[in-house]
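**Student:** Data: target26.json, JSON, C-alpha atoms and all ligand atoms.
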```json
[["chain", "number", "residue", "atom", "x", "y", "z"],
["D", 1, "MET", "CA", 84.67, 126.04, 172.74],
["D", 2, "PHE", "CA", 87.20, 123.23, 172.79],
["D", 3, "LYS", "CA", 85.28, 121.39, 170.08],
["D", 4, "THR", "CA", 85.39, 124.46, 167.88],
["D", 5, "PHE", "CA", 89.08, 124.75, 168.50],
["D", 6, "VAL", "CA", 89.71, 121.12, 167.55],
["D", 7, "PHE", "CA", 87.54, 121.51, 164.50],
["D", 8, "LEU", "CA", 89.40, 124.64, 163.42],
["D", 9, "PHE", "CA", 92.73, 122.97, 164.00],
["D", 10, "PHE", "CA", 91.86, 120.04, 161.75],
["D", 11, "PHE", "CA", 90.19, 122.28, 159.23],
["D", 12, "ILE", "CA", 93.35, 124.39, 158.86],
["D", 13, "PHE", "CA", 95.49, 121.26, 158.81],
["D", 14, "PHE", "CA", 93.48, 119.72, 155.96],
["D", 15, "VAL", "CA", 93.36, 122.92, 153.93],
["D", 16, "ALA", "CA", 97.13, 123.28, 154.34],
["D", 17, "THR", "CA", 97.86, 119.69, 153.23],
["D", 18, "ALA", "CA", 95.43, 119.89, 150.34],
["D", 19, "ALA", "CA", 97.15, 123.08, 149.16],
["D", 20, "ALA", "CA", 100.57, 121.47, 149.49],
["D", 21, "GLU", "CA", 99.52, 118.57, 147.29],
["D", 22, "VAL", "CA", 98.62, 120.79, 144.36],
["D", 23, "ASP", "CA", 101.43, 123.25, 144.57],
["D", 24, "ILE", "CA", 101.30, 124.76, 141.10],
["D", 25, "ASP", "CA", 103.90, 127.28, 140.04],
["D", 26, "LEU", "CA", 103.39, 128.44, 136.45],
["D", 27, "THR", "CA", 106.75, 130.25, 136.38],
["D", 28, "LEU", "CA", 108.49, 127.02, 137.29],
["D", 29, "GLY", "CA", 106.34, 125.26, 134.66],
["D", 30, "GLU", "CA", 107.50, 127.76, 132.05],
["D", 31, "GLU", "CA", 111.15, 127.21, 133.01],
["D", 32, "ILE", "CA", 110.83, 123.43, 132.79],
["D", 33, "ASN", "CA", 109.15, 123.80, 129.43],
["D", 34, "GLU", "CA", 112.33, 125.34, 127.98],
["D", 35, "VAL", "CA", 113.76, 121.81, 127.97],
["D", 36, "CYS", "CA", 110.60, 120.23, 126.55],
["D", 37, "ALA", "CA", 110.46, 122.93, 123.85],
["D", 38, "GLY", "CA", 113.51, 121.40, 122.14],
["D", 39, "CYS", "CA", 111.18, 118.69, 120.85],
["D", 40, "HIS", "CA", 107.59, 119.74, 121.58],
["D", 41, "GLY", "CA", 108.01, 123.38, 120.49],
["D", 42, "GLU", "CA", 108.04, 126.65, 122.41],
["D", 43, "TYR", "CA", 104.25, 126.64, 122.81],
["D", 44, "GLY", "CA", 103.84, 122.89, 123.10],
["D", 45, "GLU", "CA", 102.67, 122.80, 119.49],
["D", 46, "GLY", "CA", 104.61, 119.63, 118.69],
["D", 47, "GLY", "CA", 106.44, 119.09, 115.46],
["D", 48, "LYS", "CA", 107.80, 117.01, 112.61],
["D", 49, "ASN", "CA", 104.28, 116.05, 111.57],
["D", 50, "GLY", "CA", 103.58, 114.37, 114.88],
["D", 51, "GLU", "CA", 106.87, 112.75, 115.67],
["D", 52, "TYR", "CA", 106.55, 115.09, 118.65],
["D", 53, "PRO", "CA", 102.94, 115.33, 119.82],
["D", 54, "ARG", "CA", 101.17, 118.56, 120.64],
["D", 55, "LEU", "CA", 100.99, 119.20, 124.38],
["D", 56, "ALA", "CA", 99.39, 122.68, 124.43],
["D", 57, "GLY", "CA", 95.86, 122.60, 125.81],
["D", 58, "LEU", "CA", 95.84, 118.92, 126.79],
["D", 59, "PRO", "CA", 94.16, 118.38, 130.20],
["D", 60, "ALA", "CA", 96.69, 118.88, 132.99],
["D", 61, "ALA", "CA", 95.57, 115.63, 134.63],
["D", 62, "TYR", "CA", 96.32, 113.74, 131.40],
["D", 63, "ILE", "CA", 99.79, 115.32, 130.99],
["D", 64, "SER", "CA", 100.64, 114.52, 134.62],
["D", 65, "ALA", "CA", 99.42, 110.94, 134.27],
["D", 66, "GLN", "CA", 101.49, 110.40, 131.11],
["D", 67, "LEU", "CA", 104.64, 111.89, 132.66],
["D", 68, "LYS", "CA", 104.27, 109.45, 135.58],
["D", 69, "LEU", "CA", 103.81, 106.57, 133.14],
["D", 70, "PHE", "CA", 107.00, 107.56, 131.26],
["D", 71, "LYS", "CA", 108.80, 107.91, 134.58],
["D", 72, "ASP", "CA", 107.77, 104.44, 135.76],
["D", 73, "GLU", "CA", 108.50, 103.11, 132.25],
["D", 74, "LYS", "CA", 104.96, 101.81, 131.98],
["D", 75, "ARG", "CA", 104.78, 103.83, 128.79],
["D", 76, "LYS", "CA", 108.04, 103.15, 127.06],
["D", 77, "ASN", "CA", 109.58, 105.80, 124.87],
["D", 78, "MET", "CA", 113.27, 106.38, 124.30],
["D", 79, "PRO", "CA", 113.22, 110.13, 123.53],
["D", 80, "MET", "CA", 111.16, 110.91, 126.66],
["D", 81, "ARG", "CA", 113.25, 108.72, 128.94],
["D", 82, "PRO", "CA", 116.00, 111.20, 129.88],
["D", 83, "TYR", "CA", 113.45, 113.95, 130.62],
["D", 84, "ALA", "CA", 110.95, 112.09, 132.75],
["D", 85, "ASN", "CA", 113.23, 110.65, 135.42],
["D", 86, "GLU", "CA", 113.25, 111.75, 139.06],
["D", 87, "ARG", "CA", 116.43, 113.82, 138.74],
["D", 88, "GLU", "CA", 115.26, 115.83, 135.71],
["D", 89, "LEU", "CA", 111.61, 116.01, 136.65],
["D", 90, "PRO", "CA", 110.89, 115.42, 140.35],
["D", 91, "ASP", "CA", 107.32, 114.33, 141.17],
["D", 92, "GLU", "CA", 106.51, 117.65, 142.83],
["D", 93, "ASP", "CA", 107.37, 119.58, 139.62],
["D", 94, "ILE", "CA", 105.00, 117.56, 137.40],
["D", 95, "PRO", "CA", 101.78, 119.49, 138.25],
["D", 96, "SER", "CA", 103.49, 122.81, 137.43],
["D", 97, "VAL", "CA", 104.72, 121.86, 133.96],
["D", 98, "ALA", "CA", 101.41, 120.07, 133.26],
["D", 99, "ALA", "CA", 99.41, 123.16, 134.30],
["D", 100, "TYR", "CA", 101.68, 125.44, 132.26],
["D", 101, "LEU", "CA", 101.28, 123.39, 129.06],
["D", 102, "SER", "CA", 97.58, 122.88, 129.64],
["D", 103, "GLN", "CA", 96.78, 126.61, 129.76],
["D", 104, "ILE", "CA", 98.53, 127.43, 126.45],
["D", 105, "LYS", "CA", 95.90, 128.26, 123.85],
["D", 106, "LEU", "CA", 96.66, 127.70, 120.19],
["D", 107, "THR", "CA", 94.28, 129.13, 117.60],
["D", 108, "SER", "CA", 93.39, 127.68, 114.22],
["D", 109, "GLN", "CA", 93.10, 131.06, 112.48],
["D", 110, "MET", "CA", 95.06, 134.27, 112.42],
["D", 111, "PRO", "CA", 92.84, 136.85, 114.17],
["D", 112, "GLU", "CA", 92.11, 140.24, 112.64],
["D", 113, "PHE", "CA", 94.27, 143.02, 113.98],
["D", 114, "ASP", "CA", 93.68, 146.72, 114.32],
["D", 115, "GLU", "CA", 96.47, 149.07, 113.21],
["D", 116, "SER", "CA", 97.90, 149.66, 116.68],
["D", 117, "ILE", "CA", 99.55, 146.23, 116.83],
["D", 118, "THR", "CA", 103.29, 146.07, 116.09],
["D", 119, "ALA", "CA", 104.92, 143.64, 113.68],
["D", 120, "TYR", "CA", 106.58, 141.91, 116.62],
["D", 121, "GLU", "CA", 103.27, 141.42, 118.45],
["D", 122, "LYS", "CA", 101.82, 140.04, 115.23],
["D", 123, "LEU", "CA", 104.66, 137.56, 114.97],
["D", 124, "LEU", "CA", 104.04, 136.33, 118.52],
["D", 125, "VAL", "CA", 100.37, 135.71, 117.74],
["D", 126, "ALA", "CA", 101.25, 134.00, 114.45],
["D", 127, "LYS", "CA", 103.44, 131.51, 116.30],
["D", 128, "LYS", "CA", 100.36, 130.22, 118.12],
["D", 129, "VAL", "CA", 98.36, 129.62, 114.96],
["D", 130, "PHE", "CA", 98.24, 125.90, 114.51],
["D", 131, "ASN", "CA", 96.50, 123.52, 112.14],
["D", 132, "ILE", "CA", 96.51, 119.78, 111.73],
["D", 133, "PRO", "CA", 97.11, 118.76, 108.11],
["D", 134, "LYS", "CA", 93.95, 117.28, 106.61],
["D", 135, "LEU", "CA", 94.12, 113.55, 106.03],
["D", 136, "GLU", "CA", 92.63, 111.71, 103.04],
["D", 137, "GLY", "CA", 89.98, 109.15, 103.91],
["D", 138, "ASP", "CA", 86.25, 108.38, 104.12],
["D", 139, "ILE", "CA", 85.16, 111.15, 106.50],
["D", 140, "GLU", "CA", 81.51, 110.07, 106.82],
["D", 141, "TRP", "CA", 82.43, 106.51, 107.68],
["D", 142, "GLY", "CA", 85.06, 107.84, 110.08],
["D", 143, "GLU", "CA", 82.43, 109.91, 111.86],
["D", 144, "GLU", "CA", 80.15, 106.86, 112.23],
["D", 145, "LEU", "CA", 82.98, 104.75, 113.62],
["D", 146, "TYR", "CA", 84.02, 107.57, 115.94],
["D", 147, "ILE", "CA", 80.49, 108.04, 117.31],
["D", 148, "ASP", "CA", 80.01, 104.30, 117.84],
["D", 149, "ASP", "CA", 83.33, 103.46, 119.45],
["D", 150, "CYS", "CA", 85.15, 106.53, 120.70],
["D", 151, "GLN", "CA", 82.73, 109.37, 121.48],
["D", 152, "LEU", "CA", 81.64, 108.02, 124.85],
["D", 153, "CYS", "CA", 85.07, 108.73, 126.32],
["D", 154, "HIS", "CA", 86.76, 111.17, 123.95],
["D", 155, "GLY", "CA", 83.73, 113.43, 123.81],
["D", 156, "LYS", "CA", 81.69, 115.05, 121.10],
["D", 157, "LYS", "CA", 83.84, 115.78, 118.04],
["D", 158, "GLY", "CA", 86.93, 114.47, 119.81],
["D", 159, "ALA", "CA", 87.19, 117.42, 122.16],
["D", 160, "GLY", "CA", 88.16, 115.21, 125.11],
["D", 161, "LYS", "CA", 87.15, 115.99, 128.66],
["D", 162, "GLU", "CA", 88.55, 118.87, 130.64],
["D", 163, "ASP", "CA", 90.38, 118.05, 133.85],
["D", 164, "SER", "CA", 90.44, 114.37, 133.08],
["D", 165, "ASP", "CA", 92.93, 111.73, 132.04],
["D", 166, "THR", "CA", 91.14, 111.32, 128.69],
["D", 167, "PRO", "CA", 92.89, 113.32, 125.97],
["D", 168, "PRO", "CA", 91.22, 115.20, 123.12],
["D", 169, "LEU", "CA", 91.74, 113.64, 119.69],
["D", 170, "THR", "CA", 91.09, 116.76, 117.62],
["D", 171, "GLY", "CA", 93.98, 119.16, 117.34],
["D", 172, "GLN", "CA", 96.44, 116.29, 117.71],
["D", 173, "TYR", "CA", 98.65, 115.08, 114.84],
["D", 174, "THR", "CA", 96.97, 112.20, 113.05],
["D", 175, "GLN", "CA", 100.32, 110.51, 112.29],
["D", 176, "TYR", "CA", 101.11, 110.50, 116.01],
["D", 177, "MET", "CA", 97.71, 109.00, 116.87],
["D", 178, "ILE", "CA", 98.01, 106.30, 114.19],
["D", 179, "LYS", "CA", 101.31, 105.30, 115.77],
["D", 180, "GLN", "CA", 99.65, 105.19, 119.22],
["D", 181, "ILE", "CA", 96.80, 103.02, 117.91],
["D", 182, "LYS", "CA", 99.31, 100.52, 116.52],
["D", 183, "GLN", "CA", 100.92, 100.42, 119.95],
["D", 184, "PHE", "CA", 97.53, 99.90, 121.64],
["D", 185, "ALA", "CA", 96.78, 97.03, 119.25],
["D", 186, "LYS", "CA", 100.07, 95.34, 120.13],
["D", 187, "GLU", "CA", 99.57, 96.14, 123.84],
["D", 188, "GLU", "CA", 102.81, 98.15, 123.83],
["D", 189, "ARG", "CA", 100.87, 101.04, 125.32],
["D", 190, "TRP", "CA", 97.89, 100.62, 127.64],
["D", 191, "HIS", "CA", 94.39, 101.73, 126.54],
["D", 192, "GLU", "CA", 91.11, 100.66, 128.04],
["D", 193, "TYR", "CA", 89.41, 97.83, 126.09],
["D", 194, "SER", "CA", 92.27, 97.89, 123.58],
["D", 195, "GLU", "CA", 91.60, 94.30, 122.57],
["D", 196, "ALA", "CA", 87.97, 95.05, 121.60],
["D", 197, "LEU", "CA", 88.70, 98.49, 120.15],
["D", 198, "PHE", "CA", 92.01, 98.20, 118.35],
["D", 199, "ALA", "CA", 93.28, 94.62, 117.99],
["D", 200, "GLU", "CA", 91.09, 93.91, 114.95],
["D", 201, "MET", "CA", 90.90, 97.45, 113.58],
["D", 202, "GLU", "CA", 91.69, 97.58, 109.86],
["D", 203, "PRO", "CA", 94.07, 100.24, 108.49],
["D", 204, "ASP", "CA", 91.28, 101.82, 106.41],
["D", 205, "GLU", "CA", 89.08, 102.14, 109.53],
["D", 206, "ILE", "CA", 91.90, 103.90, 111.38],
["D", 207, "GLN", "CA", 92.43, 106.11, 108.32],
["D", 208, "ALA", "CA", 88.70, 107.00, 108.19],
["D", 209, "ILE", "CA", 88.52, 107.94, 111.90],
["D", 210, "MET", "CA", 91.66, 110.03, 111.57],
["D", 211, "ALA", "CA", 90.39, 111.74, 108.39],
["D", 212, "TYR", "CA", 87.22, 112.69, 110.32],
["D", 213, "LEU", "CA", 89.22, 113.99, 113.30],
["D", 214, "SER", "CA", 91.56, 115.97, 111.01],
["D", 215, "ILE", "CA", 88.71, 118.09, 109.62],
["D", 216, "THR", "CA", 86.89, 118.50, 112.94],
["D", 217, "ASP", "CA", 87.45, 121.73, 114.82],
["D", 218, "ASP", "CA", 88.23, 121.52, 118.49],
["D", 301, "LIG", "C1", 114.14, 114.54, 122.91],
["D", 301, "LIG", "C2", 112.78, 114.93, 122.56],
["D", 301, "LIG", "C3", 111.79, 115.14, 123.69],
["D", 301, "LIG", "C4", 111.90, 115.98, 124.78],
["D", 301, "LIG", "C5", 113.06, 116.91, 125.15],
["D", 301, "LIG", "C6", 110.66, 115.85, 125.52],
["D", 301, "LIG", "N1", 109.81, 114.98, 124.88],
["D", 301, "LIG", "FE1", 107.90, 114.54, 125.42],
["D", 301, "LIG", "N2", 107.72, 113.23, 123.88],
["D", 301, "LIG", "C7", 108.71, 112.99, 122.92],
["D", 301, "LIG", "C8", 108.21, 112.00, 121.97],
["D", 301, "LIG", "C9", 108.96, 111.45, 120.77],
["D", 301, "LIG", "C10", 106.89, 111.67, 122.38],
["D", 301, "LIG", "C11", 105.93, 110.69, 121.69],
["D", 301, "LIG", "C12", 106.09, 109.33, 122.27],
["D", 301, "LIG", "C13", 105.32, 108.29, 121.49],
["D", 301, "LIG", "O1", 105.38, 108.30, 120.26],
["D", 301, "LIG", "O2", 104.64, 107.48, 122.13],
["D", 301, "LIG", "C14", 106.63, 112.45, 123.59],
["D", 301, "LIG", "C15", 105.44, 112.39, 124.30],
["D", 301, "LIG", "C16", 105.12, 113.20, 125.38],
["D", 301, "LIG", "C17", 103.84, 113.21, 126.07],
["D", 301, "LIG", "C18", 102.62, 112.37, 125.73],
["D", 301, "LIG", "C19", 101.66, 113.19, 124.91],
["D", 301, "LIG", "C20", 100.36, 112.48, 124.62],
["D", 301, "LIG", "O3", 99.54, 113.05, 123.89],
["D", 301, "LIG", "O4", 100.16, 111.37, 125.12],
["D", 301, "LIG", "C21", 103.93, 114.13, 127.08],
["D", 301, "LIG", "C22", 102.85, 114.51, 128.08],
["D", 301, "LIG", "C23", 105.26, 114.71, 127.02],
["D", 301, "LIG", "N3", 105.95, 114.13, 125.97],
["D", 301, "LIG", "C24", 105.72, 115.71, 127.86],
["D", 301, "LIG", "C25", 107.02, 116.21, 127.85],
["D", 301, "LIG", "C26", 107.51, 117.18, 128.81],
["D", 301, "LIG", "C27", 106.69, 117.82, 129.91],
["D", 301, "LIG", "C28", 108.83, 117.40, 128.49],
["D", 301, "LIG", "C29", 109.82, 118.27, 129.23],
["D", 301, "LIG", "C30", 109.99, 117.99, 130.63],
["D", 301, "LIG", "C31", 109.15, 116.57, 127.33],
["D", 301, "LIG", "N4", 108.03, 115.87, 126.97],
["D", 301, "LIG", "C32", 110.38, 116.54, 126.69],
["D", 301, "LIG", "C33", 109.94, 113.60, 122.86],
["D", 301, "LIG", "C34", 110.46, 114.51, 123.77],
["D", 302, "LIG", "C1", 86.49, 103.68, 127.72],
["D", 302, "LIG", "C2", 86.96, 105.00, 127.31],
["D", 302, "LIG", "C3", 87.64, 105.13, 125.97],
["D", 302, "LIG", "C4", 87.18, 104.72, 124.73],
["D", 302, "LIG", "C5", 85.88, 104.00, 124.39],
["D", 302, "LIG", "C6", 88.19, 105.13, 123.78],
["D", 302, "LIG", "N1", 89.22, 105.75, 124.43],
["D", 302, "LIG", "FE1", 90.98, 106.40, 123.58],
["D", 302, "LIG", "N2", 91.70, 106.90, 125.42],
["D", 302, "LIG", "C7", 91.00, 106.78, 126.60],
["D", 302, "LIG", "C8", 91.88, 107.14, 127.71],
["D", 302, "LIG", "C9", 91.52, 107.15, 129.19],
["D", 302, "LIG", "C10", 93.15, 107.44, 127.13],
["D", 302, "LIG", "C11", 94.45, 107.77, 127.84],
["D", 302, "LIG", "C12", 95.17, 106.43, 128.02],
["D", 302, "LIG", "C13", 96.33, 106.51, 128.95],
["D", 302, "LIG", "O1", 96.10, 106.73, 130.14],
["D", 302, "LIG", "O2", 97.47, 106.39, 128.47],
["D", 302, "LIG", "C14", 92.99, 107.31, 125.67],
["D", 302, "LIG", "C15", 94.00, 107.55, 124.74],
["D", 302, "LIG", "C16", 93.82, 107.51, 123.37],
["D", 302, "LIG", "C17", 94.81, 107.92, 122.40],
["D", 302, "LIG", "C18", 96.19, 108.51, 122.70],
["D", 302, "LIG", "C19", 96.15, 110.02, 122.57],
["D", 302, "LIG", "C20", 97.45, 110.67, 122.90],
["D", 302, "LIG", "O3", 97.47, 111.93, 122.95],
["D", 302, "LIG", "O4", 98.45, 110.01, 123.09],
["D", 302, "LIG", "C21", 94.28, 107.70, 121.16],
["D", 302, "LIG", "C22", 94.93, 107.97, 119.82],
["D", 302, "LIG", "C23", 92.94, 107.16, 121.37],
["D", 302, "LIG", "N3", 92.69, 107.06, 122.72],
["D", 302, "LIG", "C24", 92.09, 106.82, 120.33],
["D", 302, "LIG", "C25", 90.83, 106.26, 120.54],
["D", 302, "LIG", "C26", 89.97, 105.85, 119.44],
["D", 302, "LIG", "C27", 90.27, 106.04, 117.96],
["D", 302, "LIG", "C28", 88.85, 105.30, 120.02],
["D", 302, "LIG", "C29", 87.66, 104.66, 119.29],
["D", 302, "LIG", "C30", 87.97, 103.61, 118.34],
["D", 302, "LIG", "C31", 89.02, 105.37, 121.47],
["D", 302, "LIG", "N4", 90.24, 105.95, 121.74],
["D", 302, "LIG", "C32", 88.11, 104.92, 122.41],
["D", 302, "LIG", "C33", 89.70, 106.37, 126.76],
["D", 302, "LIG", "C34", 88.92, 105.78, 125.77]]
```
Show this structure as structure tokens.
Ligand code: HEC
Ligand code: HEC
**Tutor:**
Amino acid sequence: MFKTFVFLFFFIFFVATAAAEVDIDLTLGEEINEVCAGCHGEYGEGGKNGEYPRLAGLPAAYISAQLKLFKDEKRKNMPMRPYANERELPDEDIPSVAAYLSQIKLTSQMPEFDESITAYEKLLVAKKVFNIPKLEGDIEWGEELYIDDCQLCHGKKGAGKEDSDTPPLTGQYTQYMIKQIKQFAKEERWHEYSEALFAEMEPDEIQAIMAYLSITDD
């Protein structure tokens, strides 16, 4: 009897602490996003051809990890600096905004509507239609390079891995990613095996991989 009691006590204790650690509040996430929207767009769609990256649909674990890196200034970026500090974005709020952004679904095509839909509803749907501009480059070569060097982690066709800290590469602005790759090459931003992957990468190889990713559906 006592053993069962002790077991139950610890069981409840662990469930309670586990729940406290992942306290996700999507309403709070939505409120926080009003600040982020100034740059990243109302639906996390990003903007200015990738000056502001897309956040919608990225894995929550990846968004959280990046926000912590900005906060600790391990990933240095001036525009993000005022928004990722402890006062503006306390640690316990990070999972909520990450979960909120992660569940936003953007579509690549305007769906077909039946007549009952109002013009306003149509407008709301249209705002979530999002496409990456196609990039010139040798797509076939880009696909080969992608499969050889990137697919293992970033997944088939650049779709990334759900619930992981590895981001998708399709559906992200190519100009933004090219900028990131230059930072990886100079070790200004951390990436696994960056020396082997990026230090010697030629601009036309980067262009080819990005051209392939820009025509690949996520
Ligand atoms: C003043 C503009 C600005 C605001 C406001 C802003 N950001 Fe950013 N954010 C940026 C820029 C610019 C980058 C790209 C940094 C780079 O080029 O490395 C970025 C990058 C990011 C990334 C990395 C994306 C990736 O794919 O690696 C995340 C995550 C992010 N922001 C989340 C947020 C959240 C959450 C908020 C609100 C709390 C926010 N940002 C507010 C400008 C902003
Ligand atoms: C060993 C696994 C692995 C391999 C191989 C790999 N990546 Fe990554 N990549 C990652 C992880 C993990 C991250 C997130 C890094 C971080 O935590 O900041 C990332 C981040 C990125 C980003 C930043 C995306 C963003 O939203 O900011 C780009 C761009 C990228 N990788 C391109 C590539 C390309 C191109 C290749 C192939 C040449 C490649 N990666 C190979 C694991 C990998």
**Student:** Restricting the calculation to all atoms listed in the file, which member of D:Cys153, D:Ala84, D:Ala61, D:Leu69 is positioned closest to ligand LIG 301 (chain D)?
**Tutor:**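 Checking each candidate against ligand LIG 301 (chain D), we get D:Ala84 as the closest.
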**Student:** Would you work out the distance separating atom C1 of ligand LIG 301 (chain D) from CA of Thr166 (chain D), expressed in Å to one decimal?
**Tutor:**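 Computing the Euclidean distance for atom C1 of ligand LIG 301 (chain D) and CA of Thr166 (chain D) yields 23.9 Å.
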**Student:** Go through chain D residue by residue and, counting all atoms listed in the file, keep those with an atom at most 6 Å from ligand LIG 301 (chain D); for each kept residue give the shortest atom pair and its distance in Å to one decimal, ordered by chain and increasing number, as CSV.
**Tutor:**
```
residue,atom,partner,partner_atom,distance
D:Ile32,CA,D:LIG301,C30,5.9
D:Asn33,CA,D:LIG301,C29,5.6
D:Val35,CA,D:LIG301,C29,5.4
D:Cys36,CA,D:LIG301,C29,3.4
D:Gly38,CA,D:LIG301,C5,5.4
D:Cys39,CA,D:LIG301,C2,4.4
D:Glu51,CA,D:LIG301,C9,5.7
D:Tyr52,CA,D:LIG301,C8,4.8
D:Pro53,CA,D:LIG301,C19,5.7
D:Ile63,CA,D:LIG301,C22,4.3
D:Gln66,CA,D:LIG301,C22,5.3
D:Leu67,CA,D:LIG301,C22,5.6
D:Asn77,CA,D:LIG301,C12,5.6
D:Pro79,CA,D:LIG301,C1,4.5
D:Met80,CA,D:LIG301,N1,4.6
D:Tyr83,CA,D:LIG301,C30,5.3
```
**Student:** Any residue with an atom at most 6 Å from ligand LIG 302 (chain D) counts, using all atoms listed in the file. Which are they? Put them as a list of chain:residue names.
**Tutor:**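 Going residue by residue within 6 Å of ligand LIG 302 (chain D), we get D:Tyr146, D:Asp149, D:Cys150, D:Leu152, D:Cys153, D:His154, D:Asp165, D:Thr166, D:Pro167, D:Met177, D:Gln180, D:Ile181, D:Trp190, D:His191, D:Glu192, D:Leu197.
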**Student:** Quote the spacing between CA of Asp217 (chain D) and CA of Lys161 (chain D) in Å to one decimal place.
**Tutor:**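 Value for the CA of Asp217 (chain D)-CA of Lys161 (chain D) distance: 15.0 Å.
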**Student:** Need the shell around Met210 (chain D): protein/DNA/RNA residues with any atom at most 8 Å away, counting only C-alpha atoms. Skip same-chain ones fewer than 5 positions apart. Format as a ChimeraX atom specification?
**Tutor:** /D:135,137,142,174,178
**Student:** Contacts between region 116-127 of chain D and region 30-62 of chain D, please, where a residue of region 30-62 of chain D counts if it comes within 12 Å (with all atoms listed in the file); show its shortest atom pair and distance in Å to one decimal, rows by chain and ascending number, as JSON lines.
**Tutor:**
```
{"residue": "D:Gly41", "atom": "CA", "partner": "D:Lys127", "partner_atom": "CA", "distance": 10.2}
{"residue": "D:Glu42", "atom": "CA", "partner": "D:Lys127", "partner_atom": "CA", "distance": 9.1}
{"residue": "D:Tyr43", "atom": "CA", "partner": "D:Lys127", "partner_atom": "CA", "distance": 8.2}
{"residue": "D:Gly44", "atom": "CA", "partner": "D:Lys127", "partner_atom": "CA", "distance": 11.0}
{"residue": "D:Glu45", "atom": "CA", "partner": "D:Lys127", "partner_atom": "CA", "distance": 9.3}
```
**Student:** Find the residue from D:Glu115, D:Glu200, D:Glu144, D:Glu86 that sits nearest to Lys68 (chain D); use only C-alpha atoms when measuring.
**Tutor:** D:Glu86
**Student:** Restricting the calculation to all atoms listed in the file: of D:Glu205, D:Glu195, D:Glu187, D:Lys182, which residue gets closest to Lys74 (chain D)?
**Tutor:**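 Result for the nearest residue to Lys74 (chain D): D:Glu187.
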**Student:** Just give me the gap between CA of Ile132 (chain D) and CA of Leu106 (chain D) in Å, one decimal is fine.
**Tutor:**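 Between these atoms lies a distance of 11.6 Å.
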**Student:** Choose the residue, out of D:Ile24, D:Leu89, D:Leu213, D:Ala99, that has the smallest atom-to-atom separation from Ala60 (chain D); count only C-alpha atoms.
**Tutor:**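 Nearest to Ala60 (chain D): D:Ala99.
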**Student:** Looking at D:Ala196, D:Thr170, D:Tyr212, D:Gly29, which one is nearest to Asp93 (chain D), with distances taken over all atoms listed in the file?
**Tutor:** D:Gly29
**Student:** Using only C-alpha atoms for the distances, tell me which of D:Ser164, D:Ser102, D:Gln207, D:Thr27 is nearest to Arg54 (chain D).
**Tutor:**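 Looking at the shortest contact to Arg54 (chain D), the residue is D:Ser102.
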